[in-house]
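Shown here: final.csv, CSV, C-alpha atoms and all ligand atoms.
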```csv
chain,number,residue,atom,x,y,z
A,133,MET,CA,5.4,-24.0,-19.8
A,134,GLU,CA,4.0,-23.5,-16.3
A,135,ASN,CA,3.9,-19.9,-15.2
A,136,LEU,CA,5.6,-19.2,-11.9
A,137,PRO,CA,4.5,-16.2,-9.8
A,138,GLY,CA,6.8,-13.3,-9.7
A,139,LYS,CA,9.0,-11.5,-12.2
A,140,HIS,CA,9.5,-14.5,-14.5
A,141,MET,CA,5.8,-14.7,-15.3
A,142,ASP,CA,4.8,-13.8,-18.9
A,143,PHE,CA,2.1,-11.4,-17.9
A,144,GLU,CA,1.1,-10.6,-21.4
A,145,ALA,CA,0.6,-14.3,-22.3
A,146,GLU,CA,-1.4,-14.8,-19.1
A,147,ILE,CA,-3.6,-11.8,-19.7
A,148,ASN,CA,-4.3,-13.0,-23.2
A,149,ARG,CA,-5.3,-16.4,-21.9
A,150,LEU,CA,-7.6,-14.9,-19.3
A,151,ARG,CA,-9.0,-12.4,-21.7
A,152,LYS,CA,-10.2,-15.3,-23.9
A,153,GLU,CA,-11.4,-17.5,-21.0
A,154,MET,CA,-13.3,-14.7,-19.4
A,155,ASN,CA,-14.6,-13.1,-22.6
A,156,ALA,CA,-13.1,-9.8,-21.4
A,157,VAL,CA,-12.4,-6.6,-23.2
A,158,ILE,CA,-9.4,-4.5,-22.1
A,159,LEU,CA,-10.0,-0.7,-22.5
A,160,ALA,CA,-7.1,1.7,-22.0
A,161,HIS,CA,-6.8,5.5,-22.0
A,162,TYR,CA,-4.0,7.2,-23.9
A,163,TYR,CA,-2.3,8.1,-20.7
A,164,GLN,CA,-1.6,4.5,-19.8
A,165,GLU,CA,2.0,3.0,-19.9
A,166,ASP,CA,3.0,2.1,-23.5
A,167,GLU,CA,2.9,-1.7,-22.8
A,168,ILE,CA,-0.7,-1.4,-21.5
A,169,GLN,CA,-1.7,0.6,-24.6
A,170,GLU,CA,-0.1,-2.2,-26.8
A,171,LEU,CA,-2.0,-4.9,-25.0
A,172,ALA,CA,-5.5,-3.2,-24.9
A,173,ASP,CA,-8.3,-4.2,-27.3
A,174,PHE,CA,-9.1,-0.5,-27.6
A,175,VAL,CA,-7.2,2.7,-26.7
A,176,GLY,CA,-9.0,6.0,-26.7
A,177,ASP,CA,-10.0,9.3,-25.0
A,178,SER,CA,-12.7,9.5,-22.4
A,179,LEU,CA,-15.6,9.7,-24.9
A,180,ASP,CA,-14.3,6.9,-27.1
A,181,LEU,CA,-13.9,4.7,-24.0
A,182,ALA,CA,-17.4,5.5,-22.7
A,183,ARG,CA,-18.8,4.6,-26.1
A,184,LYS,CA,-16.9,1.4,-26.3
A,185,ALA,CA,-18.0,0.5,-22.8
A,186,ALA,CA,-21.6,1.2,-23.7
A,187,ALA,CA,-21.4,-1.0,-26.8
A,188,THR,CA,-19.4,-4.0,-25.7
A,189,ASN,CA,-20.6,-7.6,-25.9
A,190,ALA,CA,-17.9,-8.8,-23.5
A,191,ASP,CA,-18.9,-10.3,-20.2
A,192,VAL,CA,-16.0,-8.5,-18.4
A,193,ILE,CA,-14.6,-5.0,-18.9
A,194,VAL,CA,-11.0,-4.5,-17.7
A,195,PHE,CA,-10.6,-0.7,-17.4
A,196,CYS,CA,-7.1,0.6,-17.6
A,197,GLY,CA,-7.5,4.2,-16.8
A,198,VAL,CA,-8.7,5.8,-13.6
A,199,LYS,CA,-11.5,5.0,-11.3
A,200,PHE,CA,-14.1,7.6,-12.6
A,201,MET,CA,-13.7,6.0,-16.0
A,202,ALA,CA,-14.3,2.5,-14.7
A,203,GLU,CA,-17.3,3.8,-12.8
A,204,GLY,CA,-18.7,5.2,-16.0
A,205,ALA,CA,-18.4,1.7,-17.6
A,206,LYS,CA,-20.2,0.2,-14.6
A,207,ILE,CA,-23.0,2.8,-14.7
A,208,LEU,CA,-23.5,2.0,-18.4
A,209,ASN,CA,-23.2,-1.8,-17.8
A,210,PRO,CA,-24.6,-2.5,-14.3
A,211,ASP,CA,-24.8,-6.3,-15.0
A,212,LYS,CA,-21.2,-6.7,-16.2
A,213,LEU,CA,-18.1,-7.3,-14.1
A,214,VAL,CA,-16.0,-4.1,-14.4
A,215,LEU,CA,-12.4,-4.7,-13.1
A,216,ILE,CA,-9.9,-2.0,-12.3
A,217,PRO,CA,-6.2,-2.9,-11.9
A,218,ASP,CA,-5.7,-0.5,-9.0
A,219,MET,CA,-8.5,1.0,-7.0
A,220,LYS,CA,-6.3,3.8,-5.8
A,221,ALA,CA,-6.2,5.2,-9.4
A,222,GLY,CA,-8.1,8.4,-8.6
A,223,CYS,CA,-8.1,11.8,-10.2
A,224,SER,CA,-7.3,15.3,-8.7
A,225,LEU,CA,-10.3,16.8,-10.6
A,226,GLU,CA,-12.6,14.2,-9.0
A,227,ASP,CA,-11.0,15.0,-5.5
A,228,SER,CA,-11.5,18.7,-6.0
A,229,CYS,CA,-15.3,18.3,-6.2
A,230,PRO,CA,-16.7,16.6,-3.0
A,231,PRO,CA,-20.4,15.7,-3.4
A,232,LYS,CA,-21.6,17.4,-0.2
A,233,GLU,CA,-20.0,20.8,-1.0
A,234,PHE,CA,-21.1,20.5,-4.6
A,235,ALA,CA,-24.7,19.8,-3.6
A,236,ALA,CA,-24.6,23.0,-1.5
A,237,PHE,CA,-23.1,25.0,-4.4
A,238,LYS,CA,-25.8,23.6,-6.7
A,239,ALA,CA,-28.5,24.6,-4.2
A,240,GLN,CA,-27.3,28.2,-4.3
A,241,HIS,CA,-28.0,28.2,-8.1
A,242,PRO,CA,-31.5,26.7,-8.3
A,243,ASP,CA,-32.2,28.0,-11.8
A,244,HIS,CA,-29.0,26.6,-13.3
A,245,MET,CA,-28.5,23.4,-15.3
A,246,VAL,CA,-25.5,21.4,-14.2
A,247,ILE,CA,-23.0,20.4,-16.9
A,248,THR,CA,-20.3,18.2,-15.6
A,249,TYR,CA,-17.0,17.1,-17.0
A,250,ILE,CA,-16.8,13.3,-17.0
A,251,ASN,CA,-13.7,13.5,-14.6
A,252,CYS,CA,-15.8,13.3,-11.5
A,253,SER,CA,-17.3,10.7,-9.1
A,254,ALA,CA,-20.5,8.8,-9.6
A,255,GLU,CA,-22.1,10.9,-6.9
A,256,ILE,CA,-21.3,14.1,-8.8
A,257,LYS,CA,-22.6,12.6,-12.0
A,258,ALA,CA,-25.8,11.8,-10.2
A,259,LEU,CA,-26.1,15.6,-9.2
A,260,SER,CA,-25.7,16.6,-12.9
A,261,ASP,CA,-28.0,17.2,-15.8
A,262,ILE,CA,-25.5,16.3,-18.6
A,263,ILE,CA,-22.0,14.9,-18.6
A,264,VAL,CA,-19.5,16.0,-21.1
A,265,THR,CA,-15.9,15.2,-22.1
A,266,SER,CA,-13.3,17.5,-23.7
A,267,SER,CA,-14.3,16.0,-27.1
A,268,ASN,CA,-18.0,16.9,-27.0
A,269,ALA,CA,-18.4,19.7,-24.4
A,270,GLU,CA,-18.5,22.6,-26.8
A,271,MET,CA,-20.9,20.7,-29.1
A,272,ILE,CA,-23.3,19.8,-26.3
A,273,ILE,CA,-23.3,23.3,-24.7
A,274,ASN,CA,-24.0,24.8,-28.1
A,275,GLN,CA,-27.2,22.7,-28.3
A,276,LEU,CA,-28.6,24.4,-25.2
A,277,PRO,CA,-30.7,27.6,-25.4
A,278,LYS,CA,-28.5,30.7,-25.2
A,279,GLU,CA,-30.4,32.0,-22.1
A,280,GLN,CA,-30.0,28.7,-20.2
A,281,LYS,CA,-28.0,29.3,-17.0
A,282,ILE,CA,-25.3,26.7,-16.4
A,283,ILE,CA,-23.0,25.5,-13.7
A,284,PHE,CA,-19.9,23.9,-15.1
A,285,ALA,CA,-17.9,21.5,-12.9
A,286,PRO,CA,-15.3,20.5,-11.8
A,287,ASP,CA,-12.5,21.9,-14.0
A,288,LYS,CA,-12.3,25.7,-13.9
A,289,TYR,CA,-9.8,25.9,-16.7
A,290,LEU,CA,-11.8,23.8,-19.1
A,291,GLY,CA,-14.9,25.8,-18.0
A,292,ALA,CA,-13.2,29.1,-18.7
A,293,TYR,CA,-12.0,27.8,-22.1
A,294,LEU,CA,-15.6,26.7,-22.9
A,295,ASN,CA,-17.0,30.1,-21.8
A,296,LYS,CA,-14.7,31.7,-24.3
A,297,LYS,CA,-15.5,29.3,-27.1
A,298,THR,CA,-19.3,29.3,-26.6
A,299,GLY,CA,-19.7,33.0,-25.5
A,300,ARG,CA,-21.5,31.7,-22.3
A,301,ASN,CA,-21.0,32.8,-18.8
A,302,MET,CA,-21.2,29.5,-17.0
A,303,VAL,CA,-20.7,29.5,-13.2
A,304,LEU,CA,-17.5,27.5,-12.6
A,305,TRP,CA,-16.6,25.1,-9.8
A,306,ASN,CA,-13.0,25.7,-8.6
A,307,GLY,CA,-11.4,22.4,-9.6
A,308,THR,CA,-8.1,21.7,-11.5
A,309,CYS,CA,-6.1,18.8,-12.9
A,310,MET,CA,-2.7,18.6,-11.0
A,311,VAL,CA,-0.9,17.5,-14.2
A,312,HIS,CA,-2.3,20.1,-16.7
A,313,GLU,CA,-2.0,23.1,-14.4
A,314,ARG,CA,1.7,22.4,-13.6
A,315,PHE,CA,3.3,22.7,-17.1
A,316,SER,CA,5.9,25.4,-16.9
A,317,GLU,CA,5.3,28.5,-19.1
A,318,GLN,CA,9.0,29.3,-18.9
A,319,GLU,CA,9.9,25.8,-20.2
A,320,LEU,CA,7.3,26.1,-22.9
A,321,ILE,CA,8.8,29.5,-24.1
A,322,LYS,CA,12.3,28.0,-24.0
A,323,LEU,CA,11.1,25.0,-26.2
A,324,LYS,CA,9.3,27.3,-28.7
A,325,THR,CA,12.4,29.5,-28.9
A,326,ARG,CA,14.6,26.5,-29.6
A,327,HIS,CA,12.1,25.0,-32.0
A,328,PRO,CA,10.2,27.8,-33.6
A,329,GLU,CA,8.8,25.5,-36.3
A,330,ALA,CA,7.0,23.3,-33.8
A,331,HIS,CA,3.3,23.4,-33.4
A,332,ILE,CA,2.1,23.9,-29.8
A,333,ILE,CA,-0.9,21.7,-29.1
A,334,ALA,CA,-2.7,21.6,-25.7
A,335,HIS,CA,-5.4,19.9,-23.7
A,336,PRO,CA,-8.1,22.3,-22.5
A,337,GLU,CA,-7.5,21.2,-18.9
A,338,CYS,CA,-4.4,23.6,-19.1
A,339,PRO,CA,-4.8,27.1,-17.7
A,340,GLU,CA,-5.3,30.1,-20.1
A,341,THR,CA,-1.7,31.2,-19.4
A,342,LEU,CA,-0.6,28.1,-21.3
A,343,LEU,CA,-3.5,27.8,-23.8
A,344,ARG,CA,-2.8,31.2,-25.2
A,345,TYR,CA,0.4,29.8,-26.9
A,346,ALA,CA,-1.4,26.8,-28.5
A,347,GLY,CA,-2.2,26.6,-32.2
A,348,HIS,CA,-4.6,23.7,-31.5
A,349,ILE,CA,-6.6,22.9,-28.4
A,350,GLY,CA,-8.5,19.7,-27.9
A,351,SER,CA,-9.1,16.3,-26.3
A,352,THR,CA,-6.4,13.7,-26.4
A,353,SER,CA,-7.9,12.1,-29.5
A,354,SER,CA,-8.2,15.5,-31.2
A,355,LEU,CA,-4.5,16.3,-30.4
A,356,LEU,CA,-3.6,12.9,-31.8
A,357,ARG,CA,-5.6,13.5,-35.0
A,358,TYR,CA,-3.9,16.9,-35.4
A,359,THR,CA,-0.4,15.4,-35.4
A,360,GLN,CA,-1.5,12.6,-37.8
A,361,GLU,CA,-2.8,15.2,-40.3
A,362,ARG,CA,0.7,16.9,-40.3
A,363,PRO,CA,3.2,14.1,-40.9
A,364,GLY,CA,6.9,14.9,-40.7
A,365,GLN,CA,6.4,18.0,-38.6
A,366,SER,CA,7.3,18.8,-35.0
A,367,PHE,CA,5.0,19.3,-32.0
A,368,ILE,CA,5.3,20.7,-28.4
A,369,VAL,CA,2.7,18.7,-26.5
A,370,LEU,CA,0.9,20.2,-23.5
A,371,THR,CA,-0.9,17.1,-22.1
A,372,GLU,CA,0.1,14.0,-20.1
A,373,MET,CA,3.1,12.3,-21.7
A,374,GLY,CA,1.4,8.9,-22.2
A,375,ILE,CA,-0.2,10.3,-25.4
A,376,LEU,CA,3.3,10.5,-27.0
A,377,HIS,CA,3.3,6.7,-27.4
A,378,GLN,CA,0.4,6.8,-30.0
A,379,MET,CA,1.7,10.0,-31.6
A,380,LYS,CA,5.2,8.5,-32.2
A,381,LYS,CA,3.7,5.2,-33.3
A,382,LEU,CA,1.2,6.8,-35.8
A,383,SER,CA,3.6,9.5,-37.1
A,384,PRO,CA,7.1,8.0,-36.9
A,385,GLY,CA,8.6,10.8,-39.1
A,386,SER,CA,7.5,13.5,-36.7
A,387,ILE,CA,9.2,15.0,-33.7
A,388,PHE,CA,7.5,15.4,-30.3
A,389,TYR,CA,8.6,17.5,-27.3
A,390,ASP,CA,7.0,17.2,-23.9
A,391,VAL,CA,6.9,20.2,-21.6
A,392,PRO,CA,8.5,19.9,-18.1
A,393,SER,CA,6.3,21.0,-15.2
A,394,VAL,CA,6.9,23.8,-12.7
A,395,SER,CA,8.0,21.4,-10.1
A,396,ASN,CA,10.8,20.2,-12.4
A,397,GLU,CA,12.3,23.7,-12.2
A,398,THR,CA,12.1,23.9,-8.4
A,399,ALA,CA,12.7,20.3,-7.3
A,400,GLY,CA,15.2,19.4,-10.0
A,401,ALA,CA,14.9,15.7,-9.2
A,402,CYS,CA,11.3,15.4,-10.4
A,403,ILE,CA,11.6,14.0,-13.9
A,404,SER,CA,8.0,12.9,-14.4
A,405,CYS,CA,5.7,15.6,-13.0
A,406,ASN,CA,4.0,15.8,-16.4
A,407,GLU,CA,2.8,12.2,-15.9
A,408,CYS,CA,-0.5,11.5,-14.1
A,409,PRO,CA,0.5,9.6,-10.9
A,410,TYR,CA,-3.0,8.0,-10.9
A,411,MET,CA,-2.9,6.7,-14.5
A,412,LYS,CA,0.6,5.4,-13.9
A,413,LEU,CA,-0.5,3.2,-11.0
A,414,ASN,CA,-1.6,0.5,-13.5
A,415,SER,CA,0.8,-2.2,-14.6
A,416,LEU,CA,0.7,-5.5,-16.5
A,417,GLU,CA,1.1,-7.4,-13.2
A,418,LYS,CA,-1.9,-5.6,-11.7
A,419,ILE,CA,-4.0,-6.2,-14.8
A,420,TYR,CA,-3.2,-9.9,-14.6
A,421,ASN,CA,-4.0,-10.0,-10.9
A,422,CYS,CA,-7.3,-8.3,-11.2
A,423,MET,CA,-8.3,-10.6,-14.0
A,424,LEU,CA,-7.2,-13.7,-12.2
A,425,HIS,CA,-9.0,-12.8,-8.9
A,426,ARG,CA,-11.9,-11.0,-10.6
A,427,PHE,CA,-11.0,-8.2,-8.1
A,428,PRO,CA,-11.0,-5.3,-7.5
A,429,SER,CA,-14.3,-4.8,-9.2
A,430,LEU,CA,-16.4,-1.6,-9.4
A,431,GLU,CA,-19.5,-1.9,-7.2
A,432,LEU,CA,-22.0,0.9,-7.0
A,433,PRO,CA,-25.4,1.1,-5.3
A,434,ALA,CA,-28.3,0.5,-7.7
A,435,ASP,CA,-30.0,3.8,-7.0
A,436,LEU,CA,-26.7,5.7,-7.6
A,437,ILE,CA,-26.3,3.9,-10.9
A,438,GLU,CA,-29.8,4.9,-11.9
A,439,ARG,CA,-29.3,8.5,-11.1
A,440,ALA,CA,-25.8,8.7,-12.6
A,441,LYS,CA,-26.9,6.9,-15.8
A,442,LYS,CA,-29.3,9.6,-17.0
A,443,PRO,CA,-26.8,12.4,-17.5
A,444,LEU,CA,-24.2,10.0,-19.0
A,445,GLU,CA,-26.8,8.6,-21.5
A,446,ARG,CA,-27.8,12.1,-22.3
A,447,MET,CA,-24.2,12.9,-23.2
A,448,LEU,CA,-24.0,9.9,-25.5
A,449,GLU,CA,-27.3,10.9,-27.2
A,450,MET,CA,-26.2,14.5,-27.6
A,451,SER,CA,-22.8,13.8,-29.1
A,452,LYS,CA,-22.6,12.8,-32.7
A,453,PRO,CA,-20.0,10.1,-33.4
A,454,ILE,CA,-16.6,11.4,-34.5
A,455,LYS,CA,-15.4,10.0,-37.8
B,501,LIG,P1,-9.6,13.1,-22.7
B,501,LIG,O1,-8.8,11.8,-23.1
B,501,LIG,O2,-11.0,12.8,-22.9
B,501,LIG,O3,-9.1,14.2,-23.6
B,501,LIG,O4,-9.3,13.4,-21.2
B,501,LIG,C1,-8.1,13.6,-20.6
B,501,LIG,C2,-8.0,13.3,-19.2
B,501,LIG,O5,-7.5,14.0,-18.4
B,501,LIG,C3,-8.5,12.1,-18.7
B,501,LIG,O6,-8.3,12.0,-17.4
B,502,LIG,FE1,-7.3,13.4,-13.5
B,502,LIG,FE2,-5.5,15.0,-14.5
B,502,LIG,FE3,-4.9,12.5,-14.1
B,502,LIG,FE4,-6.6,13.2,-16.0
B,502,LIG,S1,-4.5,13.7,-16.0
B,502,LIG,S2,-6.9,11.5,-14.6
B,502,LIG,S3,-7.6,14.9,-15.0
B,502,LIG,S4,-5.3,13.9,-12.5
```
Conversion result in structure tokens:
Amino acid sequence: MENLPGKHMDFEAEINRLRKEMNAVILAHYYQEDEIQELADFVGDSLDLARKAAATNADVIVFCGVKFMAEGAKILNPDKLVLIPDMKAGCSLEDSCPPKEFAAFKAQHPDHMVITYINCSAEIKALSDIIVTSSNAEMIINQLPKEQKIIFAPDKYLGAYLNKKTGRNMVLWNGTCMVHERFSEQELIKLKTRHPEAHIIAHPECPETLLRYAGHIGSTSSLLRYTQERPGQSFIVLTEMGILHQMKKLSPGSIFYDVPSVSNETAGACISCNECPYMKLNSLEKIYNCMLHRFPSLELPADLIERAKKPLERMLEMSKPIK
């Protein structure tokens, strides 16, 4: 059957055809729409996705996440075509750390090492000594000498959480994730009161005011593992709602509650403030279009790739594979 453009097109079938033709791999983050997670060759957290991107034999990488993740794939595979369904898929953490200001901040702390959360631009990566994700940050920081002075950027909440966990006093850049900082503490308390048996689990991008309620704190893959290890139980989940797809799929007998954000209380009409507006820009239609046109693709200057690659490779070397 010939495919007609528009809403009658079977995007899934067309993507599958192109995936084969182009020898492409489709990587998706846990915050992607359910149908994208179902279609992907691999779904994972930021570290898993970076590892997959570094190891792939595919000629083309289709990155269904946000731009900084696709940039990471390009930095690790400069000769491959890296496609991103929507170039506007940014990140509030990335935006909160402009390279010029960060370079000036770094210059004020000349004796500090720069540890940077992967949620940042290629320019910020190039200004860093080691990149980390929420899966490996604690492990990597613990490998550094106790007396080593450190700047941690861009997430101040993740940085504060890591300071507490590692006993360090890292200097923190003042960045935040717009999704994780907006969960409503009041709504969280209401949910816990209604469901006292539920485990509260949280991503470390949340502020301490929320993390203090959590019985488990970790990256998206760590939160997922925690729920899988406790089948038939209930969970209040403090991270972007996309992860609920895998949680429900892998633990069908469990119950999951998502937490409304502060704007829900005030705006009333906002029903999806606990979704990342950038992650949700991607769609099957956009995936199909970027594969068909081989555009938009990630292009970075060769010297930037060279500079950003070192701290990213250092991360991969310093983080042992998770079983
Ligand atoms: P992880 O999946 O690595 O935990 O990261 C969460 C996130 O915010 C990605 O943007
Ligand atoms: Fe960035 Fe937050 Fe969206 Fe993750 S959830 S991509 S940190 S804005």
Once you count all atoms listed in the file, what closest atom pair and distance in Å to one decimal does each residue of chain A within 6 Å of ligand LIG 501 (chain B) have, with rows by chain and rising residue number, as a tab-separated table?
```
residue	atom	partner	partner_atom	distance
A:Asp177	CA	B:LIG501	O1	3.4
A:Ser178	CA	B:LIG501	O2	3.7
A:Leu179	CA	B:LIG501	O2	5.9
A:Thr265	CA	B:LIG501	O2	5.5
A:Ser266	CA	B:LIG501	O2	5.3
A:Ser351	CA	B:LIG501	O3	3.4
A:Thr352	CA	B:LIG501	O3	3.9
```
Could you make a table, as a tab-separated table, of the residues of chain A that have an atom within 6 Å of an atom of ligand LIG 502 (chain B), each with its nearest atom pair and distance in Å to one decimal, counting all atoms listed in the file, in chain and number order?
```
residue	atom	partner	partner_atom	distance
A:Cys223	CA	B:LIG502	FE1	3.8
A:Ser224	CA	B:LIG502	S4	4.5
A:Leu225	CA	B:LIG502	FE1	5.4
A:Cys309	CA	B:LIG502	FE2	4.2
A:Met310	CA	B:LIG502	S4	5.6
A:Val311	CA	B:LIG502	FE2	5.2
A:Cys408	CA	B:LIG502	FE3	4.5
A:Tyr410	CA	B:LIG502	FE3	5.8
```
Exercise for the section: Determine, counting all atoms listed in the file, every residue of protein, DNA or RNA that lies within 12 Å of (-17.6, 17.3, -1.5) in the file coordinates, then give the result as a list in words. Expected result: Leu225, Glu226, Asp227, Ser228, Cys229, Pro230, Pro231, Lys232, Glu233, Phe234, Ala235, Ala236, Phe237, Lys238, Cys252, Ser253, Glu255, Ile256, Leu259, Pro286, Trp305, Asn306 and Gly307 of chain A
Exercise for the section: Using only C-alpha atoms, find all polymer residues with an atom at most 7 Å away from the point (-2.9, 18.7, -16.4); report them as JSON, numbers by chain. Expected result: {"A": [309, 310, 311, 312, 313, 314, 337, 338, 371, 372]}
Exercise for the section: Calculate how many Å separate atom CA of Asn301 of chain A from atom CA of Gly350 of chain A, rounding to one decimal. Expected result: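 Distance reported for this atom pair: 20.3 Å.
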May I have the residues within 7 Å of Ile387 of chain A as a compact mmCIF listing (two decimals) with C-alpha atoms, keeping the file's coordinate frame, using all atoms listed in the file and disregarding those fewer than 6 positions away in the same chain?
```txt
# COMPACT_ATOMS: atom_id res chain seq x y z
CA GLN A 365 6.40 18.00 -38.60
CA SER A 366 7.30 18.80 -35.00
CA PHE A 367 5.00 19.30 -32.00
```
Handout entry: Between atom CA of Pro443 of chain A and atom CA of Cys422 of chain A - distance in Å to one decimal
Key =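 Atom CA of Pro443 of chain A lies 29.1 Å from atom CA of Cys422 of chain A.
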Exercise for the section: Identify, on the basis of only C-alpha atoms, every residue whose closest approach to His327 of chain A does not exceed 9 Å; exclude the query and any residue fewer than 4 positions from it along the same chain; express the result as a ChimeraX atom specification. Expected result: /A:322-323,366,368
Generate a file of the selected residues that holds C-alpha atoms, formatted as a short mmCIF file (atom, residue, chain, number, x, y, z; two decimals), in the coordinates of the input.
```cif
data_model
loop_
_atom_site.label_atom_id
_atom_site.label_comp_id
_atom_site.auth_asym_id
_atom_site.auth_seq_id
_atom_site.Cartn_x
_atom_site.Cartn_y
_atom_site.Cartn_z
CA LYS A 322 12.30 28.00 -24.00
CA LEU A 323 11.10 25.00 -26.20
CA SER A 366 7.30 18.80 -35.00
CA ILE A 368 5.30 20.70 -28.40
#
```
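Between atom CA of Tyr389 of chain A and atom CA of Ile333 of chain A the interatomic distance comes to 10.5 Å.
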Problem - Using all atoms listed in the file: which of A:Ile247, A:Ala254, A:Cys196, A:Leu413 has the shortest distance to Asp435 of chain A - result: A:Ala254
Handout entry: Which of A:His331, A:Lys220, A:Lys199, A:Lys281 sits closest to Arg362 of chain A [using all atoms listed in the file]
Key =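 Among the listed residues, the smallest separation from Arg362 of chain A belongs to A:His331.
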Exercise for the section: Write out as a VMD selection string each polymer residue whose atoms come within 7 Å of Val157 of chain A, counting only C-alpha atoms; drop sequence neighbours fewer than 2 positions from it. Expected result: chain A and resid 151 155 159 173 190 192 to 194
Please produce a file of the residues just selected, as a PDB file, in the frame of the given file, where the atoms kept are C-alpha atoms.
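So the final result, stored in selection16.pdb, reads:
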```pdb
ATOM      1  CA  ARG A 151      -9.000 -12.400 -21.700  1.00  0.00           C
ATOM      2  CA  ASN A 155     -14.600 -13.100 -22.600  1.00  0.00           C
ATOM      3  CA  LEU A 159     -10.000  -0.700 -22.500  1.00  0.00           C
ATOM      4  CA  ASP A 173      -8.300  -4.200 -27.300  1.00  0.00           C
ATOM      5  CA  ALA A 190     -17.900  -8.800 -23.500  1.00  0.00           C
ATOM      6  CA  VAL A 192     -16.000  -8.500 -18.400  1.00  0.00           C
ATOM      7  CA  ILE A 193     -14.600  -5.000 -18.900  1.00  0.00           C
ATOM      8  CA  VAL A 194     -11.000  -4.500 -17.700  1.00  0.00           C
TER       9      VAL A 194
END
```
Problem - Within 9 Å of Leu343 of chain A using only C-alpha atoms, minus same-chain residues under 4 positions, as a PyMOL selection string - result: chain A and resi 293+333-336+338-339+347-349+370
